[in-house]
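Novice: Next up, model-v4.txt (compact mmCIF, C-alpha atoms).
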```txt
# COMPACT_ATOMS: atom_id res chain seq x y z
CA MET A 227 15.21 5.06 65.91
CA ASN A 228 13.17 4.74 62.72
CA PHE A 229 12.84 8.01 60.82
CA PRO A 230 10.20 8.26 58.05
CA LYS A 231 13.03 7.90 55.58
CA GLU A 232 16.70 8.85 55.59
CA ASN A 233 16.90 12.29 57.19
CA PRO A 234 19.85 14.69 57.17
CA PRO A 235 21.81 15.08 60.41
CA LEU A 236 20.34 17.51 62.92
CA PRO A 237 21.73 21.06 62.85
CA ARG A 238 24.65 21.80 65.14
CA ARG A 239 23.24 25.05 66.54
CA LYS A 240 20.66 25.33 69.32
CA TYR A 241 17.41 27.25 69.16
CA PRO A 242 15.17 29.06 71.65
CA CYS A 243 12.17 28.71 69.33
CA ILE A 244 11.19 25.47 67.58
CA VAL A 245 8.10 24.37 65.67
CA VAL A 246 7.54 20.60 65.56
CA ASP A 247 4.98 18.97 63.29
CA PRO A 248 5.80 15.26 63.67
CA PRO A 249 4.66 12.74 61.07
CA TRP A 250 2.30 11.08 63.56
CA SER A 251 1.18 7.54 62.85
CA PHE A 252 -2.49 7.03 63.67
CA SER A 253 -5.62 5.62 62.14
CA ASP A 254 -8.85 7.56 62.02
CA ARG A 255 -11.08 5.17 60.17
CA GLY A 256 -13.88 6.67 58.17
CA THR A 257 -12.72 10.31 58.21
CA ARG A 258 -9.72 10.21 55.83
CA MET A 259 -7.90 12.56 58.21
CA SER A 260 -4.98 10.25 58.99
CA PRO A 261 -1.70 10.32 56.99
CA SER A 262 -2.62 6.94 55.49
CA TYR A 263 -6.12 5.95 54.47
CA SER A 264 -7.64 2.69 53.36
CA GLY A 265 -11.35 2.42 52.75
CA GLY A 266 -13.57 1.10 50.04
CA GLN A 267 -11.53 1.10 46.85
CA ARG A 268 -9.21 3.92 47.95
CA THR A 269 -5.82 3.44 49.60
CA TYR A 270 -3.21 6.15 49.77
CA SER A 271 -0.47 7.63 51.93
CA HIS A 272 0.26 11.36 52.19
CA TYR A 273 3.73 10.81 53.68
CA SER A 274 5.79 8.35 55.70
CA THR A 275 5.10 8.36 59.43
CA MET A 276 6.84 7.69 62.75
CA THR A 277 5.58 5.62 65.64
CA LEU A 278 4.77 7.30 68.94
CA THR A 279 7.78 5.54 70.47
CA ASP A 280 10.13 6.99 67.85
CA ILE A 281 8.66 10.47 68.28
CA CYS A 282 9.21 10.23 72.05
CA LEU A 283 12.82 9.13 71.40
CA PHE A 284 13.50 12.00 69.00
CA PRO A 285 16.60 13.82 70.38
CA ILE A 286 15.08 17.29 70.46
CA GLU A 287 17.36 18.29 73.34
CA LYS A 288 20.24 18.42 70.85
CA VAL A 289 18.74 21.49 69.16
CA LEU A 290 17.18 23.25 72.17
CA THR A 291 18.73 26.03 74.21
CA GLU A 292 18.41 25.81 78.00
CA ASP A 293 15.43 28.17 77.86
CA ALA A 294 13.22 27.53 74.86
CA TRP A 295 9.69 27.49 73.45
CA VAL A 296 8.43 24.49 71.49
CA PHE A 297 5.27 24.63 69.37
CA LEU A 298 3.91 21.09 68.96
CA TRP A 299 1.22 20.29 66.40
CA ILE A 300 -0.89 17.30 67.42
CA PRO A 301 -3.95 15.68 65.83
CA ASN A 302 -7.07 16.14 67.92
CA SER A 303 -7.73 12.39 67.91
CA LEU A 304 -4.44 11.68 69.70
CA ARG A 305 -5.28 14.00 72.57
CA ARG A 306 -7.98 11.61 73.71
CA ASP A 307 -5.13 9.36 74.90
CA ARG A 308 -3.18 12.26 76.47
CA THR A 309 -0.39 11.63 73.99
CA GLU A 310 0.95 15.16 74.47
CA HIS A 311 1.79 14.39 78.11
CA LEU A 312 3.85 11.36 77.12
CA VAL A 313 5.75 13.29 74.44
CA ALA A 314 6.40 16.30 76.67
CA ARG A 315 7.70 14.11 79.48
CA SER A 316 9.92 12.12 77.11
CA TRP A 317 11.40 15.32 75.70
CA GLY A 318 11.97 16.85 79.13
CA LEU A 319 9.56 19.69 78.41
CA THR A 320 6.68 21.26 80.30
CA LEU A 321 3.19 21.67 78.87
CA THR A 322 2.20 25.27 79.49
CA GLY A 323 -1.54 24.64 79.19
CA SER A 324 -1.71 27.16 76.33
CA GLU A 325 -2.59 26.23 72.78
CA MET A 326 -3.03 27.90 69.42
CA VAL A 327 -5.99 26.92 67.26
CA TRP A 328 -5.97 27.19 63.49
CA VAL A 329 -9.48 27.66 62.13
CA LYS A 330 -9.42 26.59 58.50
CA VAL A 331 -11.36 28.85 56.16
CA THR A 332 -12.26 29.12 52.50
CA LYS A 333 -11.14 32.00 50.27
CA ASP A 334 -14.23 33.98 51.32
CA GLY A 335 -13.58 33.43 55.03
CA ARG A 336 -16.09 30.68 55.82
CA PRO A 337 -15.09 27.65 57.92
CA ARG A 338 -13.57 24.89 55.77
CA ILE A 339 -15.39 21.78 56.98
CA GLY A 340 -13.48 18.50 57.04
CA GLY A 341 -14.18 15.02 58.36
CA GLY A 342 -15.12 14.00 61.86
CA HIS A 343 -16.90 11.37 63.93
CA TYR A 344 -19.31 13.69 65.77
CA PHE A 345 -18.57 17.29 64.80
CA ARG A 346 -17.09 18.04 61.38
CA SER A 347 -13.56 19.23 62.01
CA ALA A 348 -12.55 22.70 60.86
CA HIS A 349 -9.47 23.28 63.00
CA GLU A 350 -6.06 22.01 64.11
CA THR A 351 -4.33 22.52 67.44
CA CYS A 352 -0.77 23.51 68.29
CA LEU A 353 0.38 23.15 71.91
CA LEU A 354 2.91 25.42 73.59
CA LEU A 355 5.66 23.64 75.53
CA ARG A 356 8.69 25.12 77.24
CA ARG A 357 12.10 24.24 78.52
CA GLY A 358 13.46 26.25 81.41
CA LYS A 359 12.26 29.85 81.65
CA PRO A 360 12.06 31.34 78.15
CA THR A 361 10.83 34.88 77.62
CA ARG A 362 8.12 36.17 75.30
CA ALA A 363 8.85 38.77 72.66
CA SER A 364 5.17 39.79 72.69
CA ALA A 365 2.25 39.37 75.07
CA SER A 366 -0.29 40.19 72.36
CA VAL A 367 -0.32 36.98 70.31
CA PRO A 368 -3.85 35.53 70.01
CA SER A 369 -4.70 31.89 70.63
CA VAL A 370 -6.83 31.58 67.47
CA PHE A 371 -6.08 32.45 63.87
CA LEU A 372 -7.89 31.97 60.55
CA ALA A 373 -6.12 30.76 57.42
CA GLU A 374 -6.78 28.79 54.27
CA ARG A 375 -5.79 25.14 54.05
CA GLY A 376 -2.88 23.99 51.87
CA ARG A 377 -1.80 20.44 51.09
CA HIS A 378 -2.24 17.70 53.70
CA SER A 379 -0.66 18.70 57.04
CA GLU A 380 0.95 21.86 55.62
CA LYS A 381 0.85 24.72 58.11
CA PRO A 382 0.03 28.25 56.89
CA ASP A 383 2.24 31.34 56.84
CA GLU A 384 -0.14 33.04 59.28
CA PHE A 385 0.91 30.57 61.96
CA PHE A 386 4.62 31.22 61.48
CA ASP A 387 3.97 34.98 61.59
CA LEU A 388 2.45 34.54 65.05
CA VAL A 389 5.35 32.41 66.25
CA GLU A 390 7.80 35.06 65.06
CA ALA A 391 5.88 37.67 67.04
CA PHE A 392 5.86 35.48 70.15
CA CYS A 393 9.50 34.43 70.46
CA LEU A 394 12.90 35.60 69.32
CA GLY A 395 15.16 33.62 67.03
CA PRO A 396 17.03 31.81 65.81
CA ARG A 397 14.11 29.58 64.91
CA LEU A 398 13.91 26.00 63.64
CA ASP A 399 11.09 24.21 61.81
CA LEU A 400 11.43 20.47 62.52
CA PHE A 401 9.96 18.08 59.93
CA ALA A 402 9.69 21.06 57.61
CA ARG A 403 8.54 20.65 54.03
CA LYS A 404 9.50 24.00 52.52
CA PRO A 405 11.92 26.83 53.33
CA ARG A 406 10.83 30.01 55.07
CA SER A 407 12.79 33.26 55.27
CA GLY A 408 14.41 33.77 58.67
CA TRP A 409 14.03 30.11 59.67
CA ASP A 410 16.21 27.04 59.58
CA GLY A 411 14.47 23.87 58.48
CA TRP A 412 15.04 20.17 58.88
CA GLY A 413 13.29 17.02 57.70
CA SER A 414 13.14 14.27 55.11
CA GLU A 415 11.08 16.43 52.73
CA TYR A 416 13.04 19.65 53.28
CA PRO A 417 14.91 20.88 50.16
CA GLU A 418 18.54 19.79 50.40
CA ASP A 419 19.88 23.13 49.20
CA ASP A 420 18.27 24.81 52.22
CA GLU A 421 19.50 22.46 54.93
CA VAL A 422 21.32 24.06 57.87
CA THR A 423 24.90 23.07 58.62
CA PRO A 424 24.93 19.56 60.14
CA ASP A 425 27.05 18.20 62.95
CA PRO A 426 30.55 17.25 61.79
```
Take the structure in the file and write it out as structure tokens.
Specialist:
Amino acid sequence: MNFPKENPPLPRRKYPCIVVDPPWSFSDRGTRMSPSYSGGQRTYSHYSTMTLTDICLFPIEKVLTEDAWVFLWIPNSLRRDRTEHLVARSWGLTLTGSEMVWVKVTKDGRPRIGGGHYFRSAHETCLLLRRGKPTRASASVPSVFLAERGRHSEKPDEFFDLVEAFCLGPRLDLFARKPRSGWDGWGSEYPEDDEVTPDP
């Protein structure tokens, strides 16, 4: 399997609650919404990516308990090809049909308009998957939340607050980019001093 770059070993413990924000590889020409962009005189890459095949082969079962929730972030453009069904099936998970929508806003609460082919995008989508029969810690978590945008692909604290309300820990943030209190993190950009204990 080809990881974006050399990653640490996966943690040895298993989790009933995991957030996954894979470094998807896709092109969205003209909108500058993809991880890599080339147009006119501008070419840049926000981060290294993984192919769909490598994402499907990711051994997520090694860090999942028998009954677990998985929160999967997916670009809206990939859903046109039903990519989420392929990933869920490859990981042995079930799509619940529920999703959480992040509406991106400015400091004064107005929608933060981005690129788009038809409508200008102002949101991202996170799908809820499950393994086995996990339980909810709360039945009051909303499907939509508003939060300001950070750097490219960075997910806001408001999202993690909702996940914490929805399911009990321990919790793991896969492909994480910064530490968060009460969470374990893993990924090529995760600070080494905060890595969880790896397999021997």
Novice: Might you pull out every residue within 7 Å of segment 319-332 of chain A, with only C-alpha atoms counted and same-chain residues fewer than 6 positions away left off, and present them as a ChimeraX atom specification?
Specialist: /A:338,348-357,369-375
Novice: What gap, in Å, lies between atom CA of Trp412 of chain A and atom CA of Gly376 of chain A?
Specialist: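 Separation of atom CA of Trp412 of chain A and atom CA of Gly376 of chain A: 19.6 Å.
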Novice: Take the point (6.0, 13.3, 63.0) in the file's coordinates, draw a sphere of radius 7 Å around it, and report as a PDB file with C-alpha atoms, in the frame of the given file every protein, DNA or RNA residue with an atom inside or on it, counting only C-alpha atoms.
Specialist:
```
ATOM      1  CA  ASP A 247       4.980  18.970  63.290  1.00  0.00           C
ATOM      2  CA  PRO A 248       5.800  15.260  63.670  1.00  0.00           C
ATOM      3  CA  PRO A 249       4.660  12.740  61.070  1.00  0.00           C
ATOM      4  CA  TRP A 250       2.300  11.080  63.560  1.00  0.00           C
ATOM      5  CA  THR A 275       5.100   8.360  59.430  1.00  0.00           C
ATOM      6  CA  MET A 276       6.840   7.690  62.750  1.00  0.00           C
ATOM      7  CA  ILE A 281       8.660  10.470  68.280  1.00  0.00           C
ATOM      8  CA  PHE A 401       9.960  18.080  59.930  1.00  0.00           C
TER       9      PHE A 401
END
```
Novice: What is the distance, in Å and to one decimal place, between atom CA of Ser303 of chain A and atom CA of Gly358 of chain A?
Specialist: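 Computed distance, atom CA of Ser303 of chain A to atom CA of Gly358 of chain A, equals 28.7 Å.
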Novice: Using only C-alpha atoms, what residues lie at most 10 Å away from (22.1, 16.5, 71.2) (file coordinates), given as a PDB file with C-alpha atoms, in the coordinates of the input?
Specialist:
```pdb
ATOM      1  CA  LEU A 236      20.340  17.510  62.920  1.00  0.00           C
ATOM      2  CA  PRO A 237      21.730  21.060  62.850  1.00  0.00           C
ATOM      3  CA  ARG A 238      24.650  21.800  65.140  1.00  0.00           C
ATOM      4  CA  ARG A 239      23.240  25.050  66.540  1.00  0.00           C
ATOM      5  CA  LYS A 240      20.660  25.330  69.320  1.00  0.00           C
ATOM      6  CA  PHE A 284      13.500  12.000  69.000  1.00  0.00           C
ATOM      7  CA  PRO A 285      16.600  13.820  70.380  1.00  0.00           C
ATOM      8  CA  ILE A 286      15.080  17.290  70.460  1.00  0.00           C
ATOM      9  CA  GLU A 287      17.360  18.290  73.340  1.00  0.00           C
ATOM     10  CA  LYS A 288      20.240  18.420  70.850  1.00  0.00           C
ATOM     11  CA  VAL A 289      18.740  21.490  69.160  1.00  0.00           C
ATOM     12  CA  LEU A 290      17.180  23.250  72.170  1.00  0.00           C
ATOM     13  CA  ASP A 425      27.050  18.200  62.950  1.00  0.00           C
TER      14      ASP A 425
END
```
Novice: Within 7 Å of Ile244 of chain A, counting all atoms listed in the file, which residues qualify if same-chain residues fewer than 3 places away don't, as a short mmCIF file (atom, residue, chain, number, x, y, z; two decimals) with C-alpha atoms, in the coordinates of the input?
Specialist:
```
data_model
loop_
_atom_site.label_atom_id
_atom_site.label_comp_id
_atom_site.auth_asym_id
_atom_site.auth_seq_id
_atom_site.Cartn_x
_atom_site.Cartn_y
_atom_site.Cartn_z
CA TYR A 241 17.41 27.25 69.16
CA TRP A 295 9.69 27.49 73.45
CA VAL A 296 8.43 24.49 71.49
CA PHE A 297 5.27 24.63 69.37
CA ARG A 397 14.11 29.58 64.91
CA LEU A 398 13.91 26.00 63.64
CA ASP A 399 11.09 24.21 61.81
#
```
Novice: Calculate how many Å separate atom CA of Gly395 of chain A from atom CA of Val367 of chain A, rounding to one decimal.
Specialist: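 Answer for the atom CA of Gly395 of chain A to atom CA of Val367 of chain A separation: 16.2 Å.
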Novice: Tell me which protein, DNA and RNA residues are within 12 Å of Pro417 of chain A, counting all atoms listed in the file, leaving out same-chain ones fewer than 5 positions away, and put them as an NGL selection string.
Specialist: :A and (233-234 or 401-406 or 410-412 or 422)
